[in-house]
Amino acid sequence: MWRQPPRYNSSVTEAASHESTATSGPPRFTLRQRIVLRIIIAFGYGFIRLVSPTLRICVSCEEGAQATIGQRPLIISFWHACIIPATYLFRDVGVRVMSSYSYDGEYMGRIIGKFGFVAVKGSSSRHAVRALLGLRRALKEGWAVAFSLDGPRGPRYQVKPGPVALARASGVPLSTFHIAVERAWVLNTWDRLILPKPFSRVLVRFGKLIPVPQGATDADLERYQELLQDSLDRVREFSEANVETVGTPEFPYGA
């Protein structure tokens with residue numbers, strides 16, 4: 001049975017997020033960029049805070065999936081398109097997230113920081129090793145870490161090797177999920193970012209955990225990367241195919 005996780009004190013998670021940002025140091029932006037940044041952050045935070053409580057959410061799990069949203073330590077993977085509803089779903093449980101140095105990464109990092117996430121700076125193309133070391137340290141401390149696996153620039157719906165390598169190094173299993181929204185504004189961006197419309201039905205589907213042995217060879221990692229890709233494809237197809245049935249006896253409301 002799915003269980004609601006405890007929510008951590010927001011002041012603690014916000015302080016941790018601030019500490020992470022201060023340590024890495026934000027990139028330099030022009031005055032215009034800083035103004036636009038503040039507008040985007042205010043809009044993004046306000047949108048999530050106002051719309052998300054109206055959503056009619058159902059959580060569905062494959063056999064062997066994580067038991068709660070706040071279960072930890074775990075290495076959680078999802079697609080970048082559903083980062084907005086995921087921010088609300090995983091709020092205030094202290095999830096550590098890899099955040100890129102790009103302009104997009106900066107405003108998303110600051111928005112999710114307001115919901116109790118802690119950004120670890122890096123991406124698949126820049127400072128990846130330092131970011132993975134930071135995430136490994138977070139796992140050792142007992143936190144869950146998350147990857148939007150096709151971010152920050154795509155290719156869309158294509159797995160990158162970071163989570164599998166981290167799972168081998170840490171001994172922590174991989175988890176996957178996808179969030180399908182019945183009615184949403186879909187932005188004309190590379191990831192087709194989803195902005196849920198108020199009172200929409202939402203189906204969250206979690207895939208079964210994937211353990212990666214610490215003795216796995218590089219050849220084995222390719223196979224586990226394929227398993228991760230298959231899991232993300234599977235939960236996406238399931239949630240998108242069934243989201244319109246949320247609220248029925250088969251998929252009752254509840255997160």
# chains A, B, ... in the order shown; residues from 1 in each chain; ligands from 1

$ closest_atom_pairs --of "region 81-173 of chain A" --to "region 182-205 of chain A" --cutoff "7 Å" --atoms "only C-alpha atoms" --output "Markdown table"
| residue | atom | partner | partner_atom | distance |
| --- | --- | --- | --- | --- |
| A:Ala81 | CA | A:Leu193 | CA | 4.2 |
| A:Cys82 | CA | A:Ile194 | CA | 5.8 |
| A:Ile84 | CA | A:Leu195 | CA | 6.7 |
| A:Arg156 | CA | A:Asp191 | CA | 5.9 |

$ residues_around --residues "Ser175 (chain A)" --least-positions-apart "5" --cutoff "6 Å" --atoms "only C-alpha atoms" --output "ChimeraX atom specification"
/A:75-76,209

$ residues_around --residues "Phe206 (chain A)" --least-positions-apart "3" --cutoff "8 Å" --atoms "only C-alpha atoms" --output "count of residues only"
11

$ closest_residue --among "A:Glu237, A:Asp104, A:Asp150, A:Asp92" --to "Gln33 (chain A)" --atoms "only C-alpha atoms"
A:Asp104

$ atom_distance --atom1 "CA of Ser52 (chain A)" --atom2 "CA of Pro85 (chain A)"
7.1 Å

$ closest_residue --among "A:Gly70, A:Gly44, A:Pro173, A:Pro161" --to "Gly109 (chain A)" --atoms "only C-alpha atoms"
A:Gly44

$ atom_distance --atom1 "CA of Tyr103 (chain A)" --atom2 "CA of Leu50 (chain A)"
24.4 Å

$ select_by_dssp --residues "region 11-139 of chain A" --states "alpha helix (DSSP H)" --output "PyMOL selection string"
chain A and resi 11-24+31-51+83-89+103-113+128-139

$ residues_around --residues "Phe147 (chain A)" --least-positions-apart "5" --cutoff "12 Å" --atoms "only C-alpha atoms" --output "VMD selection string"
chain A and resid 74 to 80 82 to 83 86 95 to 100 119 to 124 131 to 132 135 152 159 to 164 166 174 to 177

$ write_last_selection --atoms "N, CA and C atoms" --output "compact mmCIF listing (two decimals), in the first residue's frame"
# COMPACT_ATOMS: atom_id res chain seq x y z
N LEU A 74 17.63 6.47 -2.55
CA LEU A 74 17.28 5.95 -3.86
C LEU A 74 17.87 6.86 -4.93
N ILE A 75 18.05 6.30 -6.12
CA ILE A 75 18.47 7.08 -7.29
C ILE A 75 17.26 7.10 -8.23
N ILE A 76 16.60 8.25 -8.31
CA ILE A 76 15.32 8.36 -9.00
C ILE A 76 15.51 9.04 -10.36
N SER A 77 14.94 8.45 -11.40
CA SER A 77 15.06 8.99 -12.76
C SER A 77 13.68 9.28 -13.34
N PHE A 78 13.59 10.37 -14.10
CA PHE A 78 12.34 10.75 -14.77
C PHE A 78 12.68 11.61 -15.97
N TRP A 79 11.69 11.90 -16.80
CA TRP A 79 11.92 12.74 -17.98
C TRP A 79 11.67 14.21 -17.65
N HIS A 80 12.41 15.08 -18.30
CA HIS A 80 12.39 16.51 -18.00
C HIS A 80 11.01 17.13 -18.19
N CYS A 82 8.13 16.35 -17.20
CA CYS A 82 7.21 16.36 -16.06
C CYS A 82 7.84 16.94 -14.80
N ILE A 83 8.82 17.83 -14.95
CA ILE A 83 9.51 18.38 -13.79
C ILE A 83 8.60 19.30 -12.96
N ALA A 86 6.32 17.08 -10.84
CA ALA A 86 7.21 16.32 -9.95
C ALA A 86 7.70 17.19 -8.80
N VAL A 95 15.00 15.90 -1.47
CA VAL A 95 15.64 15.23 -2.60
C VAL A 95 16.77 16.09 -3.16
N ARG A 96 17.91 15.46 -3.43
CA ARG A 96 19.05 16.13 -4.07
C ARG A 96 18.95 15.95 -5.58
N VAL A 97 19.10 17.04 -6.32
CA VAL A 97 18.89 17.02 -7.77
C VAL A 97 20.09 17.63 -8.48
N MET A 98 20.56 16.97 -9.56
CA MET A 98 21.61 17.55 -10.37
C MET A 98 21.03 18.73 -11.15
N SER A 99 21.66 19.88 -11.04
CA SER A 99 21.19 21.10 -11.68
C SER A 99 22.31 21.67 -12.54
N SER A 100 22.01 21.98 -13.79
CA SER A 100 23.03 22.44 -14.72
C SER A 100 23.40 23.90 -14.48
N ALA A 119 19.92 21.55 -4.83
CA ALA A 119 20.58 21.45 -6.13
C ALA A 119 22.05 21.11 -5.97
N VAL A 120 22.51 20.15 -6.77
CA VAL A 120 23.93 19.82 -6.86
C VAL A 120 24.37 20.19 -8.27
N LYS A 121 25.26 21.18 -8.38
CA LYS A 121 25.59 21.74 -9.68
C LYS A 121 26.41 20.79 -10.54
N GLY A 122 26.02 20.71 -11.83
CA GLY A 122 26.72 19.89 -12.80
C GLY A 122 25.74 19.40 -13.84
N SER A 123 26.25 18.81 -14.92
CA SER A 123 25.40 18.25 -15.96
C SER A 123 26.19 17.19 -16.70
N SER A 124 25.54 16.56 -17.69
CA SER A 124 26.24 15.53 -18.45
C SER A 124 27.36 16.11 -19.30
N ALA A 131 29.66 16.72 -9.89
CA ALA A 131 28.27 16.58 -9.50
C ALA A 131 27.97 15.17 -9.04
N LEU A 132 28.49 14.16 -9.75
CA LEU A 132 28.25 12.77 -9.36
C LEU A 132 28.87 12.46 -8.00
N LEU A 135 26.50 13.86 -5.48
CA LEU A 135 25.32 13.01 -5.34
C LEU A 135 25.65 11.72 -4.59
N PRO A 152 20.00 18.61 -19.67
CA PRO A 152 19.22 19.85 -19.77
C PRO A 152 18.81 20.21 -21.19
N VAL A 159 18.01 7.97 -22.24
CA VAL A 159 18.75 7.80 -20.99
C VAL A 159 20.22 8.14 -21.15
N LYS A 160 20.79 8.75 -20.12
CA LYS A 160 22.22 8.99 -20.04
C LYS A 160 22.82 8.05 -18.98
N PRO A 161 24.13 7.81 -19.01
CA PRO A 161 24.72 6.76 -18.17
C PRO A 161 24.93 7.12 -16.70
N GLY A 162 24.77 8.39 -16.31
CA GLY A 162 25.10 8.81 -14.95
C GLY A 162 24.45 8.01 -13.84
N PRO A 163 23.11 7.81 -13.86
CA PRO A 163 22.48 7.10 -12.75
C PRO A 163 22.96 5.66 -12.57
N VAL A 164 23.20 4.97 -13.68
CA VAL A 164 23.65 3.57 -13.59
C VAL A 164 25.04 3.50 -12.97
N LEU A 166 26.33 5.69 -10.97
CA LEU A 166 26.18 6.08 -9.57
C LEU A 166 25.63 4.92 -8.74
N LEU A 174 18.12 1.83 -8.43
CA LEU A 174 17.51 2.82 -9.31
C LEU A 174 15.99 2.74 -9.21
N SER A 175 15.34 3.90 -9.25
CA SER A 175 13.89 3.98 -9.29
C SER A 175 13.49 4.87 -10.47
N THR A 176 12.31 4.64 -11.02
CA THR A 176 11.82 5.45 -12.14
C THR A 176 10.37 5.84 -11.90
N PHE A 177 9.96 6.95 -12.51
CA PHE A 177 8.55 7.31 -12.48
C PHE A 177 8.24 8.20 -13.68

$ closest_residue --among "A:Ala42, A:Ala138, A:Ala169, A:Leu227" --to "Arg110 (chain A)" --atoms "only C-alpha atoms"
A:Ala42

$ select_by_dssp --residues "region 32-249 of chain A" --states "strand (DSSP E)" --output "count of residues only"
42

$ closest_residue --among "A:Ile69, A:Gly207, A:Tyr107, A:Leu89" --to "Ala144 (chain A)" --atoms "only C-alpha atoms"
A:Ile69

$ decode --residues "region 33-184 of chain A" --atoms "C-alpha atoms" --output "CSV table (one decimal), in the first residue's frame"
chain,number,residue,atom,x,y,z
A,33,GLN,CA,18.9,38.2,-17.4
A,34,ARG,CA,18.7,38.7,-13.7
A,35,ILE,CA,15.4,40.7,-14.0
A,36,VAL,CA,13.9,38.0,-16.3
A,37,LEU,CA,15.2,35.3,-13.9
A,38,ARG,CA,13.3,36.9,-11.0
A,39,ILE,CA,10.1,37.0,-13.1
A,40,ILE,CA,10.4,33.4,-14.2
A,41,ILE,CA,11.1,32.2,-10.6
A,42,ALA,CA,8.1,34.2,-9.2
A,43,PHE,CA,5.8,32.9,-11.9
A,44,GLY,CA,7.1,29.3,-11.7
A,45,TYR,CA,6.8,29.2,-7.9
A,46,GLY,CA,3.4,30.9,-7.9
A,47,PHE,CA,2.1,28.6,-10.6
A,48,ILE,CA,3.1,25.4,-8.8
A,49,ARG,CA,1.9,26.6,-5.4
A,50,LEU,CA,-1.6,27.7,-6.8
A,51,VAL,CA,-2.4,25.0,-9.4
A,52,SER,CA,-0.9,21.8,-7.9
A,53,PRO,CA,-3.2,21.5,-4.8
A,54,THR,CA,-6.2,21.4,-7.2
A,55,LEU,CA,-4.8,18.4,-9.1
A,56,ARG,CA,-6.6,15.1,-8.7
A,57,ILE,CA,-3.6,12.7,-8.3
A,58,CYS,CA,-3.4,9.0,-8.3
A,59,VAL,CA,-0.2,7.1,-7.6
A,60,SER,CA,0.3,3.7,-9.2
A,61,CYS,CA,3.2,1.3,-8.7
A,62,GLU,CA,4.7,-1.7,-10.4
A,63,GLU,CA,5.4,-4.7,-8.1
A,64,GLY,CA,8.7,-4.0,-6.4
A,65,ALA,CA,8.6,-0.2,-6.7
A,66,GLN,CA,9.5,2.2,-4.0
A,67,ALA,CA,7.0,2.2,-1.1
A,68,THR,CA,6.7,5.9,-0.5
A,69,ILE,CA,7.6,9.2,-2.2
A,70,GLY,CA,10.1,9.9,0.6
A,71,GLN,CA,11.8,6.5,0.6
A,72,ARG,CA,15.6,6.9,0.7
A,73,PRO,CA,18.3,6.4,-0.2
A,74,LEU,CA,17.3,5.9,-3.9
A,75,ILE,CA,18.5,7.1,-7.3
A,76,ILE,CA,15.3,8.4,-9.0
A,77,SER,CA,15.1,9.0,-12.8
A,78,PHE,CA,12.3,10.7,-14.8
A,79,TRP,CA,11.9,12.7,-18.0
A,80,HIS,CA,12.4,16.5,-18.0
A,81,ALA,CA,8.9,17.2,-19.4
A,82,CYS,CA,7.2,16.4,-16.1
A,83,ILE,CA,9.5,18.4,-13.8
A,84,ILE,CA,6.7,20.8,-12.8
A,85,PRO,CA,4.3,18.3,-11.4
A,86,ALA,CA,7.2,16.3,-10.0
A,87,THR,CA,8.3,19.4,-8.0
A,88,TYR,CA,5.0,19.4,-6.1
A,89,LEU,CA,4.8,15.7,-5.7
A,90,PHE,CA,8.3,15.4,-4.1
A,91,ARG,CA,8.1,18.7,-2.2
A,92,ASP,CA,9.8,19.0,1.2
A,93,VAL,CA,11.4,15.5,1.4
A,94,GLY,CA,15.0,16.8,0.8
A,95,VAL,CA,15.6,15.2,-2.6
A,96,ARG,CA,19.1,16.1,-4.1
A,97,VAL,CA,18.9,17.0,-7.8
A,98,MET,CA,21.6,17.6,-10.4
A,99,SER,CA,21.2,21.1,-11.7
A,100,SER,CA,23.0,22.4,-14.7
A,101,TYR,CA,25.0,25.7,-15.0
A,102,SER,CA,22.8,26.9,-17.8
A,103,TYR,CA,20.3,29.7,-17.5
A,104,ASP,CA,17.4,27.2,-17.6
A,105,GLY,CA,19.2,25.2,-14.9
A,106,GLU,CA,19.6,28.3,-12.8
A,107,TYR,CA,15.9,29.3,-12.6
A,108,MET,CA,14.7,25.7,-12.3
A,109,GLY,CA,17.2,25.1,-9.5
A,110,ARG,CA,16.0,28.2,-7.6
A,111,ILE,CA,12.3,27.3,-8.1
A,112,ILE,CA,12.7,23.7,-6.8
A,113,GLY,CA,14.8,25.0,-4.0
A,114,LYS,CA,11.7,26.8,-2.7
A,115,PHE,CA,10.0,23.4,-2.5
A,116,GLY,CA,12.7,21.7,-0.3
A,117,PHE,CA,15.0,20.3,-3.0
A,118,VAL,CA,18.8,20.7,-2.9
A,119,ALA,CA,20.6,21.5,-6.1
A,120,VAL,CA,23.9,19.8,-6.9
A,121,LYS,CA,25.6,21.7,-9.7
A,122,GLY,CA,26.7,19.9,-12.8
A,123,SER,CA,25.4,18.2,-16.0
A,124,SER,CA,26.2,15.5,-18.5
A,125,SER,CA,28.3,18.0,-20.4
A,126,ARG,CA,29.9,20.2,-17.7
A,127,HIS,CA,31.4,19.3,-14.2
A,128,ALA,CA,29.7,15.9,-14.4
A,129,VAL,CA,32.3,14.1,-12.2
A,130,ARG,CA,32.1,16.8,-9.5
A,131,ALA,CA,28.3,16.6,-9.5
A,132,LEU,CA,28.3,12.8,-9.4
A,133,LEU,CA,30.6,12.9,-6.4
A,134,GLY,CA,28.3,15.3,-4.7
A,135,LEU,CA,25.3,13.0,-5.3
A,136,ARG,CA,27.3,10.0,-4.1
A,137,ARG,CA,28.0,11.8,-0.9
A,138,ALA,CA,24.3,12.6,-0.5
A,139,LEU,CA,23.4,8.9,-1.0
A,140,LYS,CA,26.0,8.0,1.7
A,141,GLU,CA,24.3,10.4,4.0
A,142,GLY,CA,21.0,8.7,3.4
A,143,TRP,CA,19.3,11.1,0.9
A,144,ALA,CA,17.4,10.3,-2.3
A,145,VAL,CA,18.9,11.9,-5.5
A,146,ALA,CA,17.0,12.5,-8.7
A,147,PHE,CA,17.9,13.0,-12.4
A,148,SER,CA,15.8,14.4,-15.2
A,149,LEU,CA,17.6,12.1,-17.5
A,150,ASP,CA,17.1,13.8,-20.9
A,151,GLY,CA,18.0,17.2,-19.5
A,152,PRO,CA,19.2,19.9,-19.8
A,153,ARG,CA,19.0,19.9,-23.6
A,154,GLY,CA,18.0,16.4,-24.7
A,155,PRO,CA,17.8,14.2,-26.7
A,156,ARG,CA,14.3,13.8,-25.5
A,157,TYR,CA,13.4,10.5,-23.8
A,158,GLN,CA,16.9,9.2,-24.0
A,159,VAL,CA,18.7,7.8,-21.0
A,160,LYS,CA,22.2,9.0,-20.0
A,161,PRO,CA,24.7,6.8,-18.2
A,162,GLY,CA,25.1,8.8,-15.0
A,163,PRO,CA,22.5,7.1,-12.7
A,164,VAL,CA,23.6,3.6,-13.6
A,165,ALA,CA,27.3,4.4,-12.8
A,166,LEU,CA,26.2,6.1,-9.6
A,167,ALA,CA,24.1,3.0,-8.6
A,168,ARG,CA,27.2,0.8,-9.1
A,169,ALA,CA,29.4,3.1,-7.1
A,170,SER,CA,27.0,3.5,-4.2
A,171,GLY,CA,25.1,0.2,-4.1
A,172,VAL,CA,21.8,2.2,-4.1
A,173,PRO,CA,19.0,0.9,-6.4
A,174,LEU,CA,17.5,2.8,-9.3
A,175,SER,CA,13.9,4.0,-9.3
A,176,THR,CA,11.8,5.5,-12.1
A,177,PHE,CA,8.5,7.3,-12.5
A,178,HIS,CA,6.5,9.3,-15.0
A,179,ILE,CA,3.7,11.7,-14.5
A,180,ALA,CA,0.9,12.0,-17.0
A,181,VAL,CA,-1.5,14.9,-16.9
A,182,GLU,CA,-5.0,14.7,-18.4
A,183,ARG,CA,-5.2,18.4,-19.4
A,184,ALA,CA,-2.1,20.6,-19.7
